[in-house]
>>> print(open('run-v6.cif').read())   # mmCIF, N, CA and C atoms
data_my_file
#
loop_
_atom_site.label_atom_id
_atom_site.label_comp_id
_atom_site.auth_asym_id
_atom_site.auth_seq_id
_atom_site.Cartn_x
_atom_site.Cartn_y
_atom_site.Cartn_z
N MET R 1 0.83 -1.18 0.00
CA MET R 1 0.00 0.00 0.00
C MET R 1 0.88 1.24 0.00
N PRO R 2 0.68 2.14 -0.95
CA PRO R 2 1.46 3.36 -0.97
C PRO R 2 1.12 4.24 0.22
N ASP R 3 2.09 4.98 0.70
CA ASP R 3 1.86 5.89 1.83
C ASP R 3 1.40 7.22 1.27
N HIS R 4 0.11 7.52 1.41
CA HIS R 4 -0.45 8.76 0.88
C HIS R 4 -0.50 9.85 1.92
N SER R 5 -0.84 9.52 3.11
CA SER R 5 -0.95 10.49 4.19
C SER R 5 -1.23 9.71 5.46
N ASP R 6 -1.38 10.41 6.52
CA ASP R 6 -1.73 9.74 7.76
C ASP R 6 -3.02 10.32 8.32
N ALA R 7 -3.96 10.67 7.44
CA ALA R 7 -5.18 11.37 7.83
C ALA R 7 -6.01 10.58 8.84
N LEU R 8 -6.22 9.30 8.61
CA LEU R 8 -7.02 8.50 9.55
C LEU R 8 -6.27 8.34 10.87
N THR R 9 -4.98 8.08 10.79
CA THR R 9 -4.17 7.96 12.00
C THR R 9 -4.26 9.23 12.83
N ARG R 10 -4.09 10.39 12.18
CA ARG R 10 -4.16 11.66 12.92
C ARG R 10 -5.53 11.89 13.53
N LEU R 11 -6.58 11.54 12.80
CA LEU R 11 -7.93 11.69 13.33
C LEU R 11 -8.11 10.85 14.60
N VAL R 12 -7.67 9.62 14.55
CA VAL R 12 -7.78 8.75 15.73
C VAL R 12 -6.92 9.30 16.87
N GLN R 13 -5.70 9.71 16.56
CA GLN R 13 -4.80 10.22 17.60
C GLN R 13 -5.30 11.51 18.26
N GLU R 14 -6.14 12.28 17.56
CA GLU R 14 -6.72 13.48 18.16
C GLU R 14 -7.65 13.15 19.32
N HIS R 15 -8.19 11.93 19.31
CA HIS R 15 -9.20 11.54 20.30
C HIS R 15 -8.74 10.46 21.27
N VAL R 16 -7.73 9.68 20.87
CA VAL R 16 -7.38 8.47 21.63
C VAL R 16 -5.91 8.48 22.03
N GLY R 17 -5.64 8.11 23.27
CA GLY R 17 -4.26 7.97 23.73
C GLY R 17 -3.99 8.80 24.97
N ASP R 18 -2.75 8.81 25.40
CA ASP R 18 -2.35 9.54 26.59
C ASP R 18 -2.71 11.01 26.45
N GLY R 19 -3.38 11.54 27.46
CA GLY R 19 -3.75 12.94 27.48
C GLY R 19 -4.93 13.29 26.60
N ARG R 20 -5.59 12.29 26.03
CA ARG R 20 -6.74 12.52 25.15
C ARG R 20 -8.02 12.10 25.88
N ALA R 21 -9.15 12.39 25.27
CA ALA R 21 -10.45 12.10 25.88
C ALA R 21 -10.68 10.61 26.08
N LEU R 22 -10.11 9.77 25.21
CA LEU R 22 -10.35 8.33 25.27
C LEU R 22 -9.06 7.54 25.44
N THR R 23 -9.11 6.53 26.25
CA THR R 23 -8.03 5.55 26.29
C THR R 23 -8.24 4.57 25.14
N ILE R 24 -7.25 3.79 24.82
CA ILE R 24 -7.40 2.79 23.77
C ILE R 24 -8.51 1.81 24.14
N ARG R 25 -8.56 1.40 25.40
CA ARG R 25 -9.60 0.47 25.86
C ARG R 25 -10.99 1.09 25.69
N ALA R 26 -11.17 2.34 26.12
CA ALA R 26 -12.47 3.00 26.01
C ALA R 26 -12.88 3.15 24.55
N PHE R 27 -11.93 3.50 23.70
CA PHE R 27 -12.20 3.62 22.27
C PHE R 27 -12.68 2.29 21.72
N ALA R 28 -11.96 1.22 22.03
CA ALA R 28 -12.32 -0.11 21.52
C ALA R 28 -13.71 -0.53 22.03
N GLU R 29 -14.03 -0.21 23.26
CA GLU R 29 -15.34 -0.58 23.81
C GLU R 29 -16.47 0.18 23.13
N ARG R 30 -16.23 1.42 22.73
CA ARG R 30 -17.25 2.24 22.07
C ARG R 30 -17.34 1.99 20.58
N ALA R 31 -16.30 1.41 20.00
CA ALA R 31 -16.19 1.27 18.54
C ALA R 31 -17.03 0.10 18.03
N ILE R 32 -18.32 0.34 17.90
CA ILE R 32 -19.25 -0.66 17.39
C ILE R 32 -20.09 0.00 16.29
N ASP R 33 -20.01 -0.54 15.09
CA ASP R 33 -20.78 0.01 13.98
C ASP R 33 -22.26 -0.13 14.29
N PRO R 34 -23.00 0.98 14.29
CA PRO R 34 -24.42 0.92 14.66
C PRO R 34 -25.28 0.15 13.65
N LYS R 35 -24.85 0.04 12.42
CA LYS R 35 -25.65 -0.67 11.41
C LYS R 35 -25.44 -2.18 11.46
N SER R 36 -24.19 -2.59 11.54
CA SER R 36 -23.89 -4.03 11.42
C SER R 36 -23.56 -4.69 12.75
N GLY R 37 -23.22 -3.89 13.77
CA GLY R 37 -22.79 -4.46 15.04
C GLY R 37 -21.32 -4.85 15.05
N THR R 38 -20.62 -4.60 13.94
CA THR R 38 -19.19 -4.92 13.86
C THR R 38 -18.42 -4.06 14.85
N SER R 39 -17.49 -4.69 15.55
CA SER R 39 -16.65 -3.96 16.50
C SER R 39 -15.19 -4.17 16.16
N ILE R 40 -14.35 -3.36 16.76
CA ILE R 40 -12.91 -3.54 16.59
C ILE R 40 -12.33 -4.01 17.92
N SER R 41 -11.25 -4.73 17.83
CA SER R 41 -10.59 -5.23 19.04
C SER R 41 -9.71 -4.15 19.65
N LYS R 42 -9.28 -4.41 20.88
CA LYS R 42 -8.36 -3.48 21.54
C LYS R 42 -7.04 -3.41 20.76
N SER R 43 -6.60 -4.53 20.20
CA SER R 43 -5.34 -4.50 19.43
C SER R 43 -5.51 -3.70 18.13
N THR R 44 -6.67 -3.80 17.48
CA THR R 44 -6.91 -3.00 16.29
C THR R 44 -6.96 -1.52 16.66
N ALA R 45 -7.61 -1.20 17.78
CA ALA R 45 -7.64 0.18 18.25
C ALA R 45 -6.23 0.70 18.48
N GLY R 46 -5.40 -0.12 19.11
CA GLY R 46 -4.00 0.27 19.34
C GLY R 46 -3.24 0.45 18.05
N ASN R 47 -3.49 -0.44 17.08
CA ASN R 47 -2.82 -0.31 15.78
C ASN R 47 -3.22 0.99 15.08
N LEU R 48 -4.49 1.37 15.18
CA LEU R 48 -4.94 2.63 14.59
C LEU R 48 -4.22 3.81 15.22
N VAL R 49 -4.12 3.81 16.55
CA VAL R 49 -3.44 4.90 17.26
C VAL R 49 -1.98 4.98 16.88
N GLN R 50 -1.34 3.82 16.69
CA GLN R 50 0.09 3.79 16.38
C GLN R 50 0.37 4.02 14.90
N GLY R 51 -0.67 4.09 14.08
CA GLY R 51 -0.47 4.35 12.66
C GLY R 51 -0.18 3.13 11.83
N HIS R 52 -0.43 1.94 12.39
CA HIS R 52 -0.24 0.70 11.63
C HIS R 52 -1.44 0.48 10.71
N SER R 53 -1.22 -0.16 9.58
CA SER R 53 -2.30 -0.47 8.67
C SER R 53 -3.24 -1.49 9.29
N VAL R 54 -4.52 -1.30 9.06
CA VAL R 54 -5.54 -2.25 9.49
C VAL R 54 -6.43 -2.54 8.30
N LYS R 55 -7.11 -3.67 8.35
CA LYS R 55 -8.03 -4.02 7.27
C LYS R 55 -9.26 -3.13 7.38
N ILE R 56 -9.53 -2.38 6.33
CA ILE R 56 -10.62 -1.41 6.33
C ILE R 56 -11.82 -1.97 5.58
N SER R 57 -12.98 -1.78 6.15
CA SER R 57 -14.25 -2.10 5.50
C SER R 57 -15.24 -1.01 5.91
N ALA R 58 -16.39 -0.99 5.26
CA ALA R 58 -17.42 -0.01 5.62
C ALA R 58 -17.82 -0.17 7.09
N GLU R 59 -17.89 -1.41 7.55
CA GLU R 59 -18.28 -1.68 8.93
C GLU R 59 -17.22 -1.22 9.92
N VAL R 60 -15.96 -1.42 9.59
CA VAL R 60 -14.87 -0.97 10.46
C VAL R 60 -14.86 0.55 10.54
N LEU R 61 -15.08 1.22 9.41
CA LEU R 61 -15.13 2.68 9.44
C LEU R 61 -16.31 3.15 10.29
N GLY R 62 -17.43 2.46 10.20
CA GLY R 62 -18.58 2.79 11.05
C GLY R 62 -18.25 2.62 12.52
N ALA R 63 -17.51 1.58 12.83
CA ALA R 63 -17.11 1.33 14.22
C ALA R 63 -16.15 2.42 14.70
N ILE R 64 -15.20 2.80 13.86
CA ILE R 64 -14.25 3.86 14.23
C ILE R 64 -15.00 5.16 14.51
N ALA R 65 -15.93 5.50 13.62
CA ALA R 65 -16.71 6.74 13.81
C ALA R 65 -17.47 6.70 15.13
N ALA R 66 -18.11 5.57 15.40
CA ALA R 66 -18.86 5.44 16.66
C ALA R 66 -17.93 5.53 17.85
N GLY R 67 -16.78 4.90 17.77
CA GLY R 67 -15.82 4.92 18.87
C GLY R 67 -15.27 6.31 19.15
N LEU R 68 -15.05 7.07 18.07
CA LEU R 68 -14.53 8.43 18.23
C LEU R 68 -15.63 9.43 18.54
N GLY R 69 -16.87 9.09 18.19
CA GLY R 69 -17.98 10.02 18.37
C GLY R 69 -17.96 11.13 17.34
N VAL R 70 -17.51 10.81 16.12
CA VAL R 70 -17.46 11.79 15.03
C VAL R 70 -18.33 11.29 13.89
N PRO R 71 -18.70 12.18 12.96
CA PRO R 71 -19.50 11.74 11.80
C PRO R 71 -18.78 10.69 10.96
N LEU R 72 -19.54 9.72 10.47
CA LEU R 72 -18.98 8.69 9.61
C LEU R 72 -18.28 9.29 8.41
N ALA R 73 -18.86 10.32 7.81
CA ALA R 73 -18.25 10.95 6.62
C ALA R 73 -16.84 11.44 6.90
N GLN R 74 -16.59 11.94 8.11
CA GLN R 74 -15.26 12.43 8.46
C GLN R 74 -14.26 11.28 8.47
N VAL R 75 -14.66 10.14 9.01
CA VAL R 75 -13.79 8.96 9.05
C VAL R 75 -13.58 8.42 7.64
N GLN R 76 -14.64 8.38 6.84
CA GLN R 76 -14.53 7.89 5.46
C GLN R 76 -13.56 8.73 4.65
N LEU R 77 -13.66 10.06 4.77
CA LEU R 77 -12.76 10.94 4.02
C LEU R 77 -11.31 10.76 4.45
N ALA R 78 -11.08 10.63 5.76
CA ALA R 78 -9.72 10.41 6.26
C ALA R 78 -9.16 9.09 5.76
N ALA R 79 -9.99 8.04 5.76
CA ALA R 79 -9.54 6.73 5.27
C ALA R 79 -9.25 6.77 3.77
N MET R 80 -10.09 7.47 3.01
CA MET R 80 -9.83 7.60 1.57
C MET R 80 -8.48 8.26 1.31
N LYS R 81 -8.22 9.30 2.06
CA LYS R 81 -6.95 10.01 1.86
C LYS R 81 -5.77 9.13 2.25
N GLN R 82 -5.87 8.46 3.39
CA GLN R 82 -4.75 7.66 3.87
C GLN R 82 -4.55 6.38 3.07
N TYR R 83 -5.63 5.68 2.75
CA TYR R 83 -5.48 4.36 2.15
C TYR R 83 -5.43 4.35 0.63
N ILE R 84 -6.10 5.30 -0.02
CA ILE R 84 -6.05 5.28 -1.49
C ILE R 84 -5.57 6.58 -2.09
N GLY R 85 -5.25 7.57 -1.28
CA GLY R 85 -4.66 8.80 -1.79
C GLY R 85 -5.61 9.70 -2.53
N VAL R 86 -6.85 9.74 -2.09
CA VAL R 86 -7.86 10.59 -2.73
C VAL R 86 -8.38 11.59 -1.71
N VAL R 87 -8.52 12.84 -2.14
CA VAL R 87 -9.15 13.85 -1.29
C VAL R 87 -10.48 14.23 -1.92
N VAL R 88 -11.38 14.74 -1.11
CA VAL R 88 -12.66 15.22 -1.58
C VAL R 88 -12.79 16.65 -1.11
N ASP R 89 -12.84 17.58 -2.07
CA ASP R 89 -12.95 18.98 -1.72
C ASP R 89 -13.57 19.75 -2.88
N ASP R 90 -13.56 21.07 -2.79
CA ASP R 90 -14.09 21.95 -3.83
C ASP R 90 -12.92 22.70 -4.46
N PRO R 91 -12.25 22.10 -5.45
CA PRO R 91 -11.06 22.74 -6.03
C PRO R 91 -11.39 23.98 -6.87
N PHE R 92 -12.66 24.20 -7.17
CA PHE R 92 -13.06 25.32 -8.02
C PHE R 92 -13.67 26.47 -7.23
N ASP R 93 -13.76 26.33 -5.92
CA ASP R 93 -14.44 27.33 -5.08
C ASP R 93 -15.82 27.65 -5.63
N ALA R 94 -16.54 26.60 -6.05
CA ALA R 94 -17.85 26.77 -6.67
C ALA R 94 -18.98 26.85 -5.65
N SER R 95 -18.76 26.36 -4.45
CA SER R 95 -19.79 26.42 -3.43
C SER R 95 -19.87 27.85 -2.91
N THR R 96 -21.06 28.39 -2.91
CA THR R 96 -21.23 29.78 -2.47
C THR R 96 -22.25 29.86 -1.36
N ALA R 97 -22.14 30.89 -0.56
CA ALA R 97 -23.06 31.07 0.56
C ALA R 97 -24.44 31.51 0.10
N ASP R 98 -24.54 32.13 -1.07
CA ASP R 98 -25.84 32.64 -1.53
C ASP R 98 -26.58 31.65 -2.41
N ASP R 99 -26.14 30.43 -2.45
CA ASP R 99 -26.71 29.42 -3.33
C ASP R 99 -26.76 28.10 -2.56
N ASP R 100 -27.60 27.20 -2.98
CA ASP R 100 -27.65 25.87 -2.36
C ASP R 100 -26.66 24.90 -2.98
N THR R 101 -25.84 25.39 -3.91
CA THR R 101 -24.88 24.54 -4.60
C THR R 101 -23.71 24.19 -3.69
N VAL R 102 -23.43 22.90 -3.61
CA VAL R 102 -22.25 22.42 -2.90
C VAL R 102 -21.51 21.51 -3.86
N VAL R 103 -20.23 21.78 -4.07
CA VAL R 103 -19.42 20.99 -4.99
C VAL R 103 -18.37 20.24 -4.21
N ARG R 104 -18.28 18.94 -4.45
CA ARG R 104 -17.22 18.11 -3.88
C ARG R 104 -16.70 17.23 -5.00
N VAL R 105 -15.40 17.22 -5.18
CA VAL R 105 -14.75 16.45 -6.23
C VAL R 105 -13.72 15.54 -5.59
N ALA R 106 -13.77 14.26 -5.90
CA ALA R 106 -12.76 13.31 -5.43
C ALA R 106 -11.61 13.34 -6.44
N HIS R 107 -10.39 13.58 -5.93
CA HIS R 107 -9.25 13.70 -6.83
C HIS R 107 -7.95 13.43 -6.08
N HIS R 108 -6.90 13.22 -6.86
CA HIS R 108 -5.57 13.04 -6.29
C HIS R 108 -5.16 14.35 -5.63
N PRO R 109 -4.52 14.30 -4.46
CA PRO R 109 -4.17 15.54 -3.76
C PRO R 109 -3.29 16.50 -4.56
N ALA R 110 -2.50 15.99 -5.50
CA ALA R 110 -1.61 16.86 -6.28
C ALA R 110 -2.34 17.58 -7.41
N ARG R 111 -3.58 17.22 -7.68
CA ARG R 111 -4.34 17.85 -8.77
C ARG R 111 -4.95 19.16 -8.30
N ALA R 112 -4.82 20.17 -9.14
CA ALA R 112 -5.43 21.48 -8.88
C ALA R 112 -6.56 21.69 -9.88
N ALA R 113 -7.33 22.73 -9.66
CA ALA R 113 -8.47 23.01 -10.52
C ALA R 113 -8.07 23.07 -12.00
N GLU R 114 -6.94 23.69 -12.29
CA GLU R 114 -6.52 23.81 -13.69
C GLU R 114 -6.14 22.48 -14.33
N ASP R 115 -5.95 21.45 -13.52
CA ASP R 115 -5.64 20.11 -14.04
C ASP R 115 -6.91 19.33 -14.39
N MET R 116 -8.08 19.92 -14.14
CA MET R 116 -9.34 19.21 -14.34
C MET R 116 -10.32 20.04 -15.19
N PRO R 117 -9.96 20.35 -16.45
CA PRO R 117 -10.83 21.21 -17.25
C PRO R 117 -12.20 20.59 -17.53
N ALA R 118 -12.29 19.28 -17.71
CA ALA R 118 -13.59 18.66 -17.98
C ALA R 118 -14.49 18.74 -16.75
N VAL R 119 -13.91 18.57 -15.58
CA VAL R 119 -14.69 18.67 -14.35
C VAL R 119 -15.16 20.11 -14.17
N ARG R 120 -14.27 21.07 -14.42
CA ARG R 120 -14.66 22.48 -14.31
C ARG R 120 -15.82 22.79 -15.25
N ALA R 121 -15.74 22.30 -16.49
CA ALA R 121 -16.81 22.56 -17.45
C ALA R 121 -18.14 21.97 -16.96
N PHE R 122 -18.07 20.81 -16.37
CA PHE R 122 -19.29 20.19 -15.83
C PHE R 122 -19.85 21.02 -14.67
N VAL R 123 -18.99 21.44 -13.76
CA VAL R 123 -19.43 22.22 -12.60
C VAL R 123 -20.01 23.56 -13.03
N GLU R 124 -19.42 24.18 -14.03
CA GLU R 124 -19.84 25.52 -14.44
C GLU R 124 -20.90 25.53 -15.55
N ARG R 125 -21.39 24.35 -15.94
CA ARG R 125 -22.40 24.28 -17.00
C ARG R 125 -23.67 25.01 -16.57
N PRO R 126 -24.40 25.56 -17.53
CA PRO R 126 -25.68 26.21 -17.18
C PRO R 126 -26.65 25.17 -16.63
N ARG R 127 -27.38 25.57 -15.63
CA ARG R 127 -28.35 24.67 -15.02
C ARG R 127 -29.73 25.00 -15.55
N PRO R 128 -30.56 23.98 -15.71
CA PRO R 128 -31.92 24.25 -16.18
C PRO R 128 -32.69 25.11 -15.17
N THR R 129 -33.53 25.97 -15.66
CA THR R 129 -34.34 26.78 -14.76
C THR R 129 -35.57 25.99 -14.37
N GLU R 130 -36.07 26.29 -13.20
CA GLU R 130 -37.24 25.54 -12.71
C GLU R 130 -38.51 26.25 -13.08
#
>>> encode(input="run-v6.cif", output="structure tokens")
Amino acid sequence: MPDHSDALTRLVQEHVGDGRALTIRAFAERAIDPKSGTSISKSTAGNLVQGHSVKISAEVLGAIAAGLGVPLAQVQLAAMKQYIGVVVDDPFDASTADDDTVVRVAHHPARAAEDMPAVRAFVERPRPTE
């Protein structure tokens, strides 16, 4: 697995470990996916804190989110960045406060808006009027 970032590791370390809100044991006890009932072991929790690779699945991410008490989407985005090297953001600054439009593009972290002309054209296309 290529080393893309340590986004998931950092997210877990913000909440778990010495001087943090959760001990590894408490994190592991809370880390139960609410949909499937999948849980992580204390050793898996420790591996996450130490930055070791763990087998990731949708259920494991759900368990991590529950254990940390953070939104699942936050854990999913961190795992995407760390495990497959993809970020999700608005590279075109297309989301505006005066509009209901929200743009999120999944892309390699090294890609900038100018590297994605087809995506820009899609985002900036005229929208049908209601």
>>> closest_residue(input="run-v6.cif", among="R:Ile24, R:Leu61, R:Ala112, R:Val102", to="Gly46 in chain R", atoms="all atoms listed in the file")
R:Ile24
>>> resolve_selection(input="run-v6.cif", expression="the PyMOL selection byres ((chain R and resi 28-33) around 8)", output="PyMOL selection string")
chain R and resi 22-27+34-46+58-69
>>> closest_atom_pairs(input="run-v6.cif", of="range 44-105 of chain R", to="range 6-20 of chain R", cutoff="7 Å", atoms="only C-alpha atoms", output="tab-separated table")
residue	atom	partner	partner_atom	distance
R:Leu48	CA	R:Thr9	CA	6.0
R:Val49	CA	R:Gln13	CA	5.5
R:Gly51	CA	R:Thr9	CA	5.2
R:Leu68	CA	R:His15	CA	6.5
R:Val75	CA	R:Leu8	CA	6.8
R:Ala78	CA	R:Leu8	CA	4.7
R:Ala79	CA	R:Leu8	CA	5.3
R:Lys81	CA	R:Ala7	CA	6.4
R:Gln82	CA	R:Asp6	CA	5.3
>>> write_last_selection(input="run-v6.cif", atoms="N, CA and C atoms", output="short mmCIF file (atom, residue, chain, number, x, y, z; two decimals), keeping the file's coordinate frame")
data_model
loop_
_atom_site.label_atom_id
_atom_site.label_comp_id
_atom_site.auth_asym_id
_atom_site.auth_seq_id
_atom_site.Cartn_x
_atom_site.Cartn_y
_atom_site.Cartn_z
N LEU R 48 -4.49 1.37 15.18
CA LEU R 48 -4.94 2.63 14.59
C LEU R 48 -4.22 3.81 15.22
N VAL R 49 -4.12 3.81 16.55
CA VAL R 49 -3.44 4.90 17.26
C VAL R 49 -1.98 4.98 16.88
N GLY R 51 -0.67 4.09 14.08
CA GLY R 51 -0.47 4.35 12.66
C GLY R 51 -0.18 3.13 11.83
N LEU R 68 -15.05 7.07 18.07
CA LEU R 68 -14.53 8.43 18.23
C LEU R 68 -15.63 9.43 18.54
N VAL R 75 -14.66 10.14 9.01
CA VAL R 75 -13.79 8.96 9.05
C VAL R 75 -13.58 8.42 7.64
N ALA R 78 -11.08 10.63 5.76
CA ALA R 78 -9.72 10.41 6.26
C ALA R 78 -9.16 9.09 5.76
N ALA R 79 -9.99 8.04 5.76
CA ALA R 79 -9.54 6.73 5.27
C ALA R 79 -9.25 6.77 3.77
N LYS R 81 -8.22 9.30 2.06
CA LYS R 81 -6.95 10.01 1.86
C LYS R 81 -5.77 9.13 2.25
N GLN R 82 -5.87 8.46 3.39
CA GLN R 82 -4.75 7.66 3.87
C GLN R 82 -4.55 6.38 3.07
#
>>> select_by_dssp(input="run-v6.cif", residues="chain R", states="helix (DSSP H, G or I)", output="VMD selection string")
chain R and resid 7 to 15 24 to 30 42 to 50 58 to 68 72 to 84 113 to 115 117 to 123
>>> atom_distance(input="run-v6.cif", atom1="CA of Asp90 in chain R", atom2="CA of Val105 in chain R")
6.0 Å
>>> atom_distance(input="run-v6.cif", atom1="CA of Phe92 in chain R", atom2="CA of Ala113 in chain R")
5.7 Å
>>> atom_distance(input="run-v6.cif", atom1="atom N of Val119 in chain R", atom2="CA of Leu72 in chain R")
27.5 Å
>>> resolve_selection(input="run-v6.cif", expression="the PyMOL selection byres ((chain R and resi 89) around 7)", output="list of chain:residue names")
R:Val87, R:Val88, R:Asp90, R:Pro91, R:Phe92, R:Val103, R:Arg104, R:Val105, R:Ala106, R:His107
>>> select_by_dssp(input="run-v6.cif", residues="range 7-119 of chain R", states="strand (DSSP E)", output="ChimeraX atom specification")
/R:87-89,105-107
>>> closest_residue(input="run-v6.cif", among="R:Val54, R:Ala73, R:Met80, R:Ala21", to="Ser5 in chain R", atoms="only N, CA and C atoms")
R:Met80
>>> decode(input="run-v6.cif", residues="range 27-39 of chain R", atoms="N, CA and C atoms", output="tab-separated table (two decimals), in the first residue's frame")
chain	number	residue	atom	x	y	z
R	27	PHE	N	-11.93	3.50	23.70
R	27	PHE	CA	-12.20	3.62	22.27
R	27	PHE	C	-12.68	2.29	21.72
R	28	ALA	N	-11.96	1.22	22.03
R	28	ALA	CA	-12.32	-0.11	21.52
R	28	ALA	C	-13.71	-0.53	22.03
R	29	GLU	N	-14.03	-0.21	23.26
R	29	GLU	CA	-15.34	-0.58	23.81
R	29	GLU	C	-16.47	0.18	23.13
R	30	ARG	N	-16.23	1.42	22.73
R	30	ARG	CA	-17.25	2.24	22.07
R	30	ARG	C	-17.34	1.99	20.58
R	31	ALA	N	-16.30	1.41	20.00
R	31	ALA	CA	-16.19	1.27	18.54
R	31	ALA	C	-17.03	0.10	18.03
R	32	ILE	N	-18.32	0.34	17.90
R	32	ILE	CA	-19.25	-0.66	17.39
R	32	ILE	C	-20.09	0.00	16.29
R	33	ASP	N	-20.01	-0.54	15.09
R	33	ASP	CA	-20.78	0.01	13.98
R	33	ASP	C	-22.26	-0.13	14.29
R	34	PRO	N	-23.00	0.98	14.29
R	34	PRO	CA	-24.42	0.92	14.66
R	34	PRO	C	-25.28	0.15	13.65
R	35	LYS	N	-24.85	0.04	12.42
R	35	LYS	CA	-25.65	-0.67	11.41
R	35	LYS	C	-25.44	-2.18	11.46
R	36	SER	N	-24.19	-2.59	11.54
R	36	SER	CA	-23.89	-4.03	11.42
R	36	SER	C	-23.56	-4.69	12.75
R	37	GLY	N	-23.22	-3.89	13.77
R	37	GLY	CA	-22.79	-4.46	15.04
R	37	GLY	C	-21.32	-4.85	15.05
R	38	THR	N	-20.62	-4.60	13.94
R	38	THR	CA	-19.19	-4.92	13.86
R	38	THR	C	-18.42	-4.06	14.85
R	39	SER	N	-17.49	-4.69	15.55
R	39	SER	CA	-16.65	-3.96	16.50
R	39	SER	C	-15.19	-4.17	16.16
